[in-house]
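S.K.: Got a structure for you, questions after.
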Amino acid sequence: MNSAESAALALVCKERGWTEADTSDDTDLVLINTCSVRLTAEKRAFGRIDHFAAIKKKHKQNLVIVIAGCMAQRLGDKLKEKYSLVDYVMGTTSRSIFPAILEAVEKGVKANINIDEKAVFSFSQSHLEQGQFRSFIPIMHGCNNFCSYCIVPYVRGREVSRDPQNIAQEIRLVAQKGVREITLLGQNVNSYKWSSDIDFSSLLKIVAKELNESGIKWARFLSANPVNFSSKTIEVLAANKVFCRHIHLPVQHGSDSVLKNMNRGYTAERFIELVKEIRAAMPGITISTDILVGFPGETEDDVKKTLDIMEEIKFLYSFMYHFNPREGTKAFDLPDRIEEDVKKERLARVIALQKTHTTQLLKSRIGNSEVVLIEGISRKNADELITRTEKDEKVAVPGPASMIGSFAKVTLSGLKGNTFRATELIKLQEKQTCLGD
């Protein structure tokens, strides 16, 4: 989502004639688009602000610093109080002021900006660079779930869904520019609801129709919530092979008591049932997840239950992290916090098990023939291309750079780390299917 929003802001700059600077010395304006989902993300943002504030203070007094995104929404004017050299702060609902900021910079004056605190988030069209073949398309914004550890509802606001006609129009637009894969985005993407007649499953039908007519071969979506994953959605996904056979489905924990304290709205048993339903409808599909350990009050038995659900499901990969209290969330005030060294030890066990599962799953697929989308040149070997399967697995294979952005067929011949190796690349013609049989 942040990538899509950054691209939208970059498009505003480009439309006004701005270009990307090569160095900080050439820069007239710095835009830092921030995230608050993880504490580490905020720490990185503070580091970037410190960096550019130092440049401005030492030798570039006319540099304009703009802070956008979730952290800007959360802290507001407190950011300018902490960093006097920051010129503008605009949160997730006040992006409409950005053109006025650019105009002021162009005129060499200070913009007199009045931010509407009650403003509603507005969707922007995708910004595509020349030759870009993947596009992120936001379909909803915000979250109504209020998981006790999560800051998102407070910095993104309540859920707002995008007009399906606008989504369809954007799909047609990016298709005309040569996009081969789209990703539908939302903080709680499958809670999309435009009307009583159009929910997420209905939207997927619209998207599938547009993709089939436009020639875009693959579609993904991020990030889905188990609570909102309906049987109708599964039916639509299974019936339309344009949707890649990979789903990111955050479980967060394996203990019902911890899930309840997290306010996740489902049990471990229900999550397992959902995964079984998905796999029955789409055999061979891969599933990834998020896992949070060290939540206040978590016991060793709770940790065991998390390891148990990992053994039961065997995720392809996981984003694993330990609890960091976020001021403003309900979990911030919960008692029985876990010591840092205990959290790290528990996380290490979760990571070790996930590494085992990932290796097992990948090794079991060596020898399979797969369709891949060629993403770019390997950073480690200029003679190799990096590609990705619809199951969200990376494959390195020798090939020319001219094939980037194309679909091809490979045979998985080996594994290095978590990246498959292949020795031969067969480009698929446009008339051929890109999804196999």
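Scheme for the structure tokens: letters A, B, ... for chains in order shown; per-chain residue numbers from 1; ligand numbers from 1 in order shown.
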Find the residues around A:Met71 up to 7 Å (only C-alpha atoms counted), leave out those fewer than 3 positions away in its own chain, and share them as a VMD selection string.

M.R.: chain A and resid 34 to 36 42 74 to 75

S.K.: Apply DSSP to the backbone of this structure and, from stretch 180-359 of chain A, keep only the residues in strand (DSSP E or B); write these as a PyMOL selection string.

M.R.: chain A and resi 181-185+193+199+218-222+243+246-248+252+286-293+318-322

S.K.: Leaving out A:Glu312 and any residue of its chain fewer than 4 positions from it, which residues lie within 9 Å of it when counting only C-alpha atoms, given as a compact mmCIF listing (two decimals) with all heavy atoms, in the first residue's frame?

M.R.:
```txt
# COMPACT_ATOMS: atom_id res chain seq x y z
N ILE A 272 -7.74 -23.18 10.70
CA ILE A 272 -7.36 -24.44 10.06
C ILE A 272 -8.45 -24.89 9.09
O ILE A 272 -8.17 -25.34 7.97
CB ILE A 272 -7.07 -25.52 11.11
CG1 ILE A 272 -5.80 -25.15 11.90
CG2 ILE A 272 -6.92 -26.89 10.47
CD1 ILE A 272 -5.56 -26.02 13.11
N LEU A 307 3.37 -23.24 17.43
CA LEU A 307 4.21 -24.19 16.70
C LEU A 307 3.36 -25.33 16.14
O LEU A 307 3.61 -25.83 15.03
CB LEU A 307 5.30 -24.73 17.62
CG LEU A 307 6.30 -23.70 18.16
CD1 LEU A 307 7.22 -24.34 19.19
CD2 LEU A 307 7.11 -23.08 17.03
N ASP A 308 2.33 -25.72 16.90
CA ASP A 308 1.44 -26.80 16.44
C ASP A 308 0.67 -26.41 15.18
O ASP A 308 0.53 -27.22 14.25
CB ASP A 308 0.45 -27.18 17.55
CG ASP A 308 1.10 -27.95 18.69
OD1 ASP A 308 2.22 -28.45 18.50
OD2 ASP A 308 0.48 -28.04 19.77
```

S.K.: Might you pull out every residue within 12 Å of A:Ala53, with only C-alpha atoms counted and same-chain residues fewer than 6 positions away left off, and present them as a list in words?

M.R.: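 With the cut-off at 12 Å, the set is Ser24, Leu29, Val30, Ile32, Phe46, Gly47, His59, Lys60, Gln61, Asn62, Leu63, Val64, Ile65, Val66, Ile67, Lys80, Lys82, Tyr83, Ser84, Leu85, Val86 and Asp87 of chain A.
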
S.K.: Within 8 Å of A:Arg326, counting only C-alpha atoms, which residues show up once you throw out same-chain ones fewer than 3 positions away? Write them as number ranges by chain, please.

M.R.: A: 39, 149-151, 329, 331-332

S.K.: Store the residues picked out above in a file with N, CA, C and O atoms, as a tab-separated table (two decimals), in the first residue's frame.

M.R.:
```
chain	number	residue	atom	x	y	z
A	39	LEU	N	7.06	-0.84	14.73
A	39	LEU	CA	7.91	0.15	15.39
A	39	LEU	C	9.21	0.34	14.62
A	39	LEU	O	9.73	1.46	14.54
A	149	TYR	N	-3.33	-4.97	19.21
A	149	TYR	CA	-1.91	-4.61	19.08
A	149	TYR	C	-1.65	-3.66	17.91
A	149	TYR	O	-0.52	-3.20	17.71
A	150	CYS	N	-2.67	-3.36	17.11
A	150	CYS	CA	-2.46	-2.74	15.80
A	150	CYS	C	-2.81	-1.25	15.79
A	150	CYS	O	-3.89	-0.85	16.25
A	151	ILE	N	-1.93	-0.46	15.20
A	151	ILE	CA	-2.12	0.99	15.12
A	151	ILE	C	-2.89	1.41	13.87
A	151	ILE	O	-3.35	2.55	13.76
A	329	THR	N	-2.72	1.90	21.26
A	329	THR	CA	-3.46	0.65	21.06
A	329	THR	C	-3.88	0.07	22.41
A	329	THR	O	-3.29	0.39	23.44
A	331	ALA	N	-3.48	-2.93	23.49
A	331	ALA	CA	-2.47	-3.83	24.03
A	331	ALA	C	-1.36	-3.08	24.78
A	331	ALA	O	-0.63	-3.69	25.56
A	332	PHE	N	-1.25	-1.79	24.54
A	332	PHE	CA	-0.20	-1.01	25.18
A	332	PHE	C	-0.33	-1.04	26.70
A	332	PHE	O	0.68	-1.03	27.43
```

S.K.: Report, in Å with one decimal, the straight-line distance from atom CA of A:Lys217 to atom CA of A:Pro250.

M.R.: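 Spanning atom CA of A:Lys217 to atom CA of A:Pro250 is a straight-line distance of 25.7 Å.
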
S.K.: So, counting only C-alpha atoms, which residue among A:Leu259, A:Ala268, A:Ala408, A:Ile182 is closest to A:Phe221?

M.R.: A:Ile182

S.K.: Between A:His253, A:Lys305, A:Lys391, A:Arg220, which one has atoms that come closest to A:Ile287, using only C-alpha atoms?

M.R.: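 Ranked by minimum distance to A:Ile287, first place goes to A:Lys391.
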
S.K.: With stretch 138-142 of chain A as the partner and 12 Å as the cut-off, tabulate the residues of stretch 30-95 of chain A that qualify, each row holding the nearest pair of atoms and their distance in Å to one decimal, using only C-alpha atoms, sorted by chain and rising number, as JSON lines.

M.R.:
```
{"residue": "A:Cys70", "atom": "CA", "partner": "A:Gly142", "partner_atom": "CA", "distance": 11.0}
{"residue": "A:Thr92", "atom": "CA", "partner": "A:His141", "partner_atom": "CA", "distance": 9.9}
{"residue": "A:Thr93", "atom": "CA", "partner": "A:His141", "partner_atom": "CA", "distance": 10.4}
```

S.K.: Include C-alpha atoms and write out the residues we just selected as a PDB file, in the first residue's frame.

M.R.:
```pdb
ATOM      1  CA  CYS A  70       0.847   6.823   8.663  1.00  0.00           C
ATOM      2  CA  THR A  92      -3.038   9.666   5.020  1.00  0.00           C
ATOM      3  CA  THR A  93      -6.211  11.722   4.532  1.00  0.00           C
TER       4      THR A  93
END
```

S.K.: Name the residues in contact with A:Ala239 at a cut-off of 10 Å, using only C-alpha atoms, excluding same-chain residues fewer than 2 positions from it; report them as a list of chain:residue names.

M.R.: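 Within the cut-off, the hits are A:Lys205, A:Ala208, A:Thr233, A:Ile234, A:Glu235, A:Val236, A:Leu237, A:Lys241, A:Val242, A:Phe243, A:Ala281, A:Met282.
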
S.K.: Dump C-alpha atoms for the selected residues as a PDB file, in the first residue's frame?

M.R.:
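out03.pdb, written as the output of this step:
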```pdb
ATOM      1  CA  LYS A 205     -15.671 -11.470 -10.658  1.00  0.00           C
ATOM      2  CA  ALA A 208     -11.497 -11.468 -13.594  1.00  0.00           C
ATOM      3  CA  THR A 233     -14.579 -15.693  -2.379  1.00  0.00           C
ATOM      4  CA  ILE A 234     -12.998 -19.142  -2.479  1.00  0.00           C
ATOM      5  CA  GLU A 235     -15.434 -20.226  -5.195  1.00  0.00           C
ATOM      6  CA  VAL A 236     -14.593 -17.207  -7.359  1.00  0.00           C
ATOM      7  CA  LEU A 237     -10.855 -17.696  -6.917  1.00  0.00           C
ATOM      8  CA  LYS A 241      -7.255 -19.030 -12.953  1.00  0.00           C
ATOM      9  CA  VAL A 242      -6.155 -15.434 -13.467  1.00  0.00           C
ATOM     10  CA  PHE A 243      -5.879 -15.334  -9.667  1.00  0.00           C
ATOM     11  CA  ALA A 281     -10.916 -25.808  -3.820  1.00  0.00           C
ATOM     12  CA  MET A 282      -7.447 -25.001  -5.200  1.00  0.00           C
TER      13      MET A 282
END
```

S.K.: Could you pull the residues within 10 Å of A:Ser318, counting only C-alpha atoms, minus those fewer than 3 positions along the same chain, as number ranges by chain?

M.R.: A: 248-252, 287-291, 310, 314-315, 321, 350-351, 354-355, 358

S.K.: Write out the residues from the selection above, keeping all heavy atoms, as a short mmCIF file (atom, residue, chain, number, x, y, z; two decimals), in the first residue's frame.

M.R.:
```cif
data_model
loop_
_atom_site.label_atom_id
_atom_site.label_comp_id
_atom_site.auth_asym_id
_atom_site.auth_seq_id
_atom_site.Cartn_x
_atom_site.Cartn_y
_atom_site.Cartn_z
N HIS A 248 -1.79 -14.80 0.94
CA HIS A 248 -1.19 -14.41 2.22
C HIS A 248 -2.32 -14.25 3.22
O HIS A 248 -3.20 -13.40 3.06
CB HIS A 248 -0.40 -13.11 2.10
CG HIS A 248 0.35 -12.77 3.34
ND1 HIS A 248 1.51 -13.43 3.71
CD2 HIS A 248 0.10 -11.87 4.33
CE1 HIS A 248 1.95 -12.95 4.86
NE2 HIS A 248 1.11 -12.01 5.26
N LEU A 249 -2.30 -15.09 4.26
CA LEU A 249 -3.41 -15.15 5.23
C LEU A 249 -2.84 -15.09 6.65
O LEU A 249 -2.40 -16.12 7.18
CB LEU A 249 -4.18 -16.45 5.00
CG LEU A 249 -5.56 -16.57 5.64
CD1 LEU A 249 -6.52 -15.54 5.07
CD2 LEU A 249 -6.11 -17.97 5.44
N PRO A 250 -2.82 -13.93 7.28
CA PRO A 250 -2.19 -13.80 8.61
C PRO A 250 -2.95 -14.57 9.69
O PRO A 250 -4.12 -14.33 9.94
CB PRO A 250 -2.26 -12.29 8.87
CG PRO A 250 -2.39 -11.66 7.53
CD PRO A 250 -3.22 -12.62 6.73
N VAL A 251 -2.25 -15.51 10.33
CA VAL A 251 -2.83 -16.23 11.45
C VAL A 251 -2.55 -15.53 12.77
O VAL A 251 -3.34 -15.56 13.69
CB VAL A 251 -2.31 -17.69 11.50
CG1 VAL A 251 -0.82 -17.74 11.73
CG2 VAL A 251 -3.06 -18.50 12.55
N GLN A 252 -1.38 -14.91 12.89
CA GLN A 252 -0.88 -14.17 14.05
C GLN A 252 -0.53 -15.05 15.25
O GLN A 252 0.49 -14.85 15.90
CB GLN A 252 -1.87 -13.07 14.47
CG GLN A 252 -2.14 -12.03 13.41
CD GLN A 252 -0.92 -11.24 12.97
OE1 GLN A 252 0.18 -11.41 13.48
NE2 GLN A 252 -1.10 -10.39 11.97
N ILE A 287 0.36 -20.99 0.80
CA ILE A 287 -0.17 -20.02 1.77
C ILE A 287 0.97 -19.51 2.64
O ILE A 287 1.77 -20.28 3.15
CB ILE A 287 -1.27 -20.67 2.64
CG1 ILE A 287 -2.46 -21.05 1.77
CG2 ILE A 287 -1.71 -19.71 3.75
CD1 ILE A 287 -3.54 -21.81 2.47
N SER A 288 1.03 -18.20 2.77
CA SER A 288 1.99 -17.56 3.67
C SER A 288 1.21 -16.85 4.77
O SER A 288 -0.02 -16.75 4.71
CB SER A 288 2.87 -16.57 2.90
OG SER A 288 2.08 -15.60 2.22
N THR A 289 1.93 -16.35 5.78
CA THR A 289 1.22 -15.83 6.94
C THR A 289 2.05 -14.81 7.71
O THR A 289 3.21 -14.54 7.37
CB THR A 289 0.81 -16.99 7.87
OG1 THR A 289 -0.21 -16.55 8.76
CG2 THR A 289 1.99 -17.51 8.67
N ASP A 290 1.45 -14.22 8.74
CA ASP A 290 2.13 -13.40 9.74
C ASP A 290 2.00 -14.10 11.08
O ASP A 290 0.94 -14.64 11.40
CB ASP A 290 1.49 -12.01 9.87
CG ASP A 290 1.61 -11.17 8.61
OD1 ASP A 290 2.43 -11.51 7.74
OD2 ASP A 290 0.86 -10.18 8.50
N ILE A 291 3.08 -14.06 11.88
CA ILE A 291 3.05 -14.67 13.21
C ILE A 291 3.64 -13.70 14.21
O ILE A 291 4.76 -13.20 14.04
CB ILE A 291 3.81 -16.01 13.25
CG1 ILE A 291 3.16 -17.01 12.30
CG2 ILE A 291 3.85 -16.56 14.67
CD1 ILE A 291 3.91 -18.33 12.18
N MET A 310 1.55 -24.22 13.01
CA MET A 310 2.52 -24.18 11.91
C MET A 310 2.77 -25.57 11.36
O MET A 310 2.85 -25.76 10.14
CB MET A 310 3.83 -23.55 12.41
CG MET A 310 3.73 -22.07 12.77
SD MET A 310 5.27 -21.45 13.53
CE MET A 310 6.40 -21.54 12.13
N LYS A 314 1.78 -25.82 7.61
CA LYS A 314 3.02 -25.71 6.84
C LYS A 314 2.93 -24.57 5.81
O LYS A 314 2.71 -24.79 4.61
CB LYS A 314 3.38 -27.04 6.19
CG LYS A 314 3.82 -28.09 7.19
CD LYS A 314 4.30 -29.37 6.53
CE LYS A 314 4.97 -30.30 7.54
NZ LYS A 314 4.11 -30.67 8.68
N PHE A 315 3.14 -23.37 6.31
CA PHE A 315 3.13 -22.18 5.46
C PHE A 315 4.37 -22.16 4.57
O PHE A 315 5.46 -22.59 4.97
CB PHE A 315 3.13 -20.92 6.33
CG PHE A 315 1.94 -20.82 7.24
CD1 PHE A 315 2.07 -21.10 8.60
CD2 PHE A 315 0.70 -20.45 6.76
CE1 PHE A 315 0.98 -21.01 9.45
CE2 PHE A 315 -0.40 -20.35 7.61
CZ PHE A 315 -0.26 -20.64 8.96
N TYR A 321 7.54 -11.84 13.89
CA TYR A 321 8.03 -10.71 14.69
C TYR A 321 7.53 -10.87 16.11
O TYR A 321 6.58 -11.63 16.38
CB TYR A 321 7.55 -9.39 14.10
CG TYR A 321 6.06 -9.29 13.87
CD1 TYR A 321 5.25 -8.54 14.72
CD2 TYR A 321 5.44 -9.97 12.82
CE1 TYR A 321 3.88 -8.46 14.52
CE2 TYR A 321 4.08 -9.90 12.61
CZ TYR A 321 3.30 -9.13 13.46
OH TYR A 321 1.94 -9.07 13.27
N VAL A 350 10.17 -20.08 16.50
CA VAL A 350 9.20 -19.97 15.41
C VAL A 350 9.93 -19.84 14.08
O VAL A 350 9.57 -20.50 13.08
CB VAL A 350 8.27 -18.76 15.65
CG1 VAL A 350 7.43 -18.46 14.41
CG2 VAL A 350 7.34 -19.03 16.84
N ILE A 351 10.96 -19.01 14.04
CA ILE A 351 11.72 -18.81 12.81
C ILE A 351 12.38 -20.12 12.37
O ILE A 351 12.37 -20.47 11.17
CB ILE A 351 12.78 -17.71 13.01
CG1 ILE A 351 12.10 -16.35 13.17
CG2 ILE A 351 13.76 -17.68 11.83
CD1 ILE A 351 13.04 -15.22 13.54
N GLN A 354 9.81 -22.41 10.83
CA GLN A 354 9.39 -21.94 9.52
C GLN A 354 10.45 -22.22 8.47
O GLN A 354 10.13 -22.61 7.33
CB GLN A 354 9.08 -20.44 9.56
CG GLN A 354 8.59 -19.89 8.23
CD GLN A 354 7.36 -20.61 7.72
OE1 GLN A 354 6.32 -20.61 8.38
NE2 GLN A 354 7.45 -21.25 6.57
N LYS A 355 11.71 -22.04 8.81
CA LYS A 355 12.78 -22.34 7.87
C LYS A 355 12.74 -23.81 7.45
O LYS A 355 12.94 -24.14 6.28
CB LYS A 355 14.14 -22.02 8.49
CG LYS A 355 14.46 -20.53 8.55
CD LYS A 355 15.84 -20.30 9.12
CE LYS A 355 16.20 -18.81 9.11
NZ LYS A 355 17.55 -18.56 9.69
N THR A 358 9.72 -24.25 5.06
CA THR A 358 9.97 -23.63 3.76
C THR A 358 10.89 -24.52 2.92
O THR A 358 10.62 -24.78 1.74
CB THR A 358 10.60 -22.24 3.94
OG1 THR A 358 9.68 -21.39 4.63
CG2 THR A 358 10.93 -21.61 2.59
#
```

S.K.: Using only C-alpha atoms, can you tell me which of A:Gly254, A:Gly131, A:Pro99, A:Gly265 comes closest to A:Asn145?

M.R.: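 Closest candidate: A:Gly265.
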
S.K.: I'd like to know which of A:Glu269, A:Glu210, A:Glu15, A:Asp301 is closest to A:Gln169, using only C-alpha atoms.

M.R.: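 Nearest to A:Gln169: A:Glu210.
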
S.K.: Using only C-alpha atoms, find the one residue out of A:Asn263, A:Gln187, A:Thr306, A:Gln176 that sits nearest to A:Leu353.

M.R.: A:Thr306

S.K.: Distance atom CA of A:Val227-atom CA of A:Pro296, one decimal place?

M.R.: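 If I compute the distance from atom CA of A:Val227 to atom CA of A:Pro296, I get 22.5 Å.
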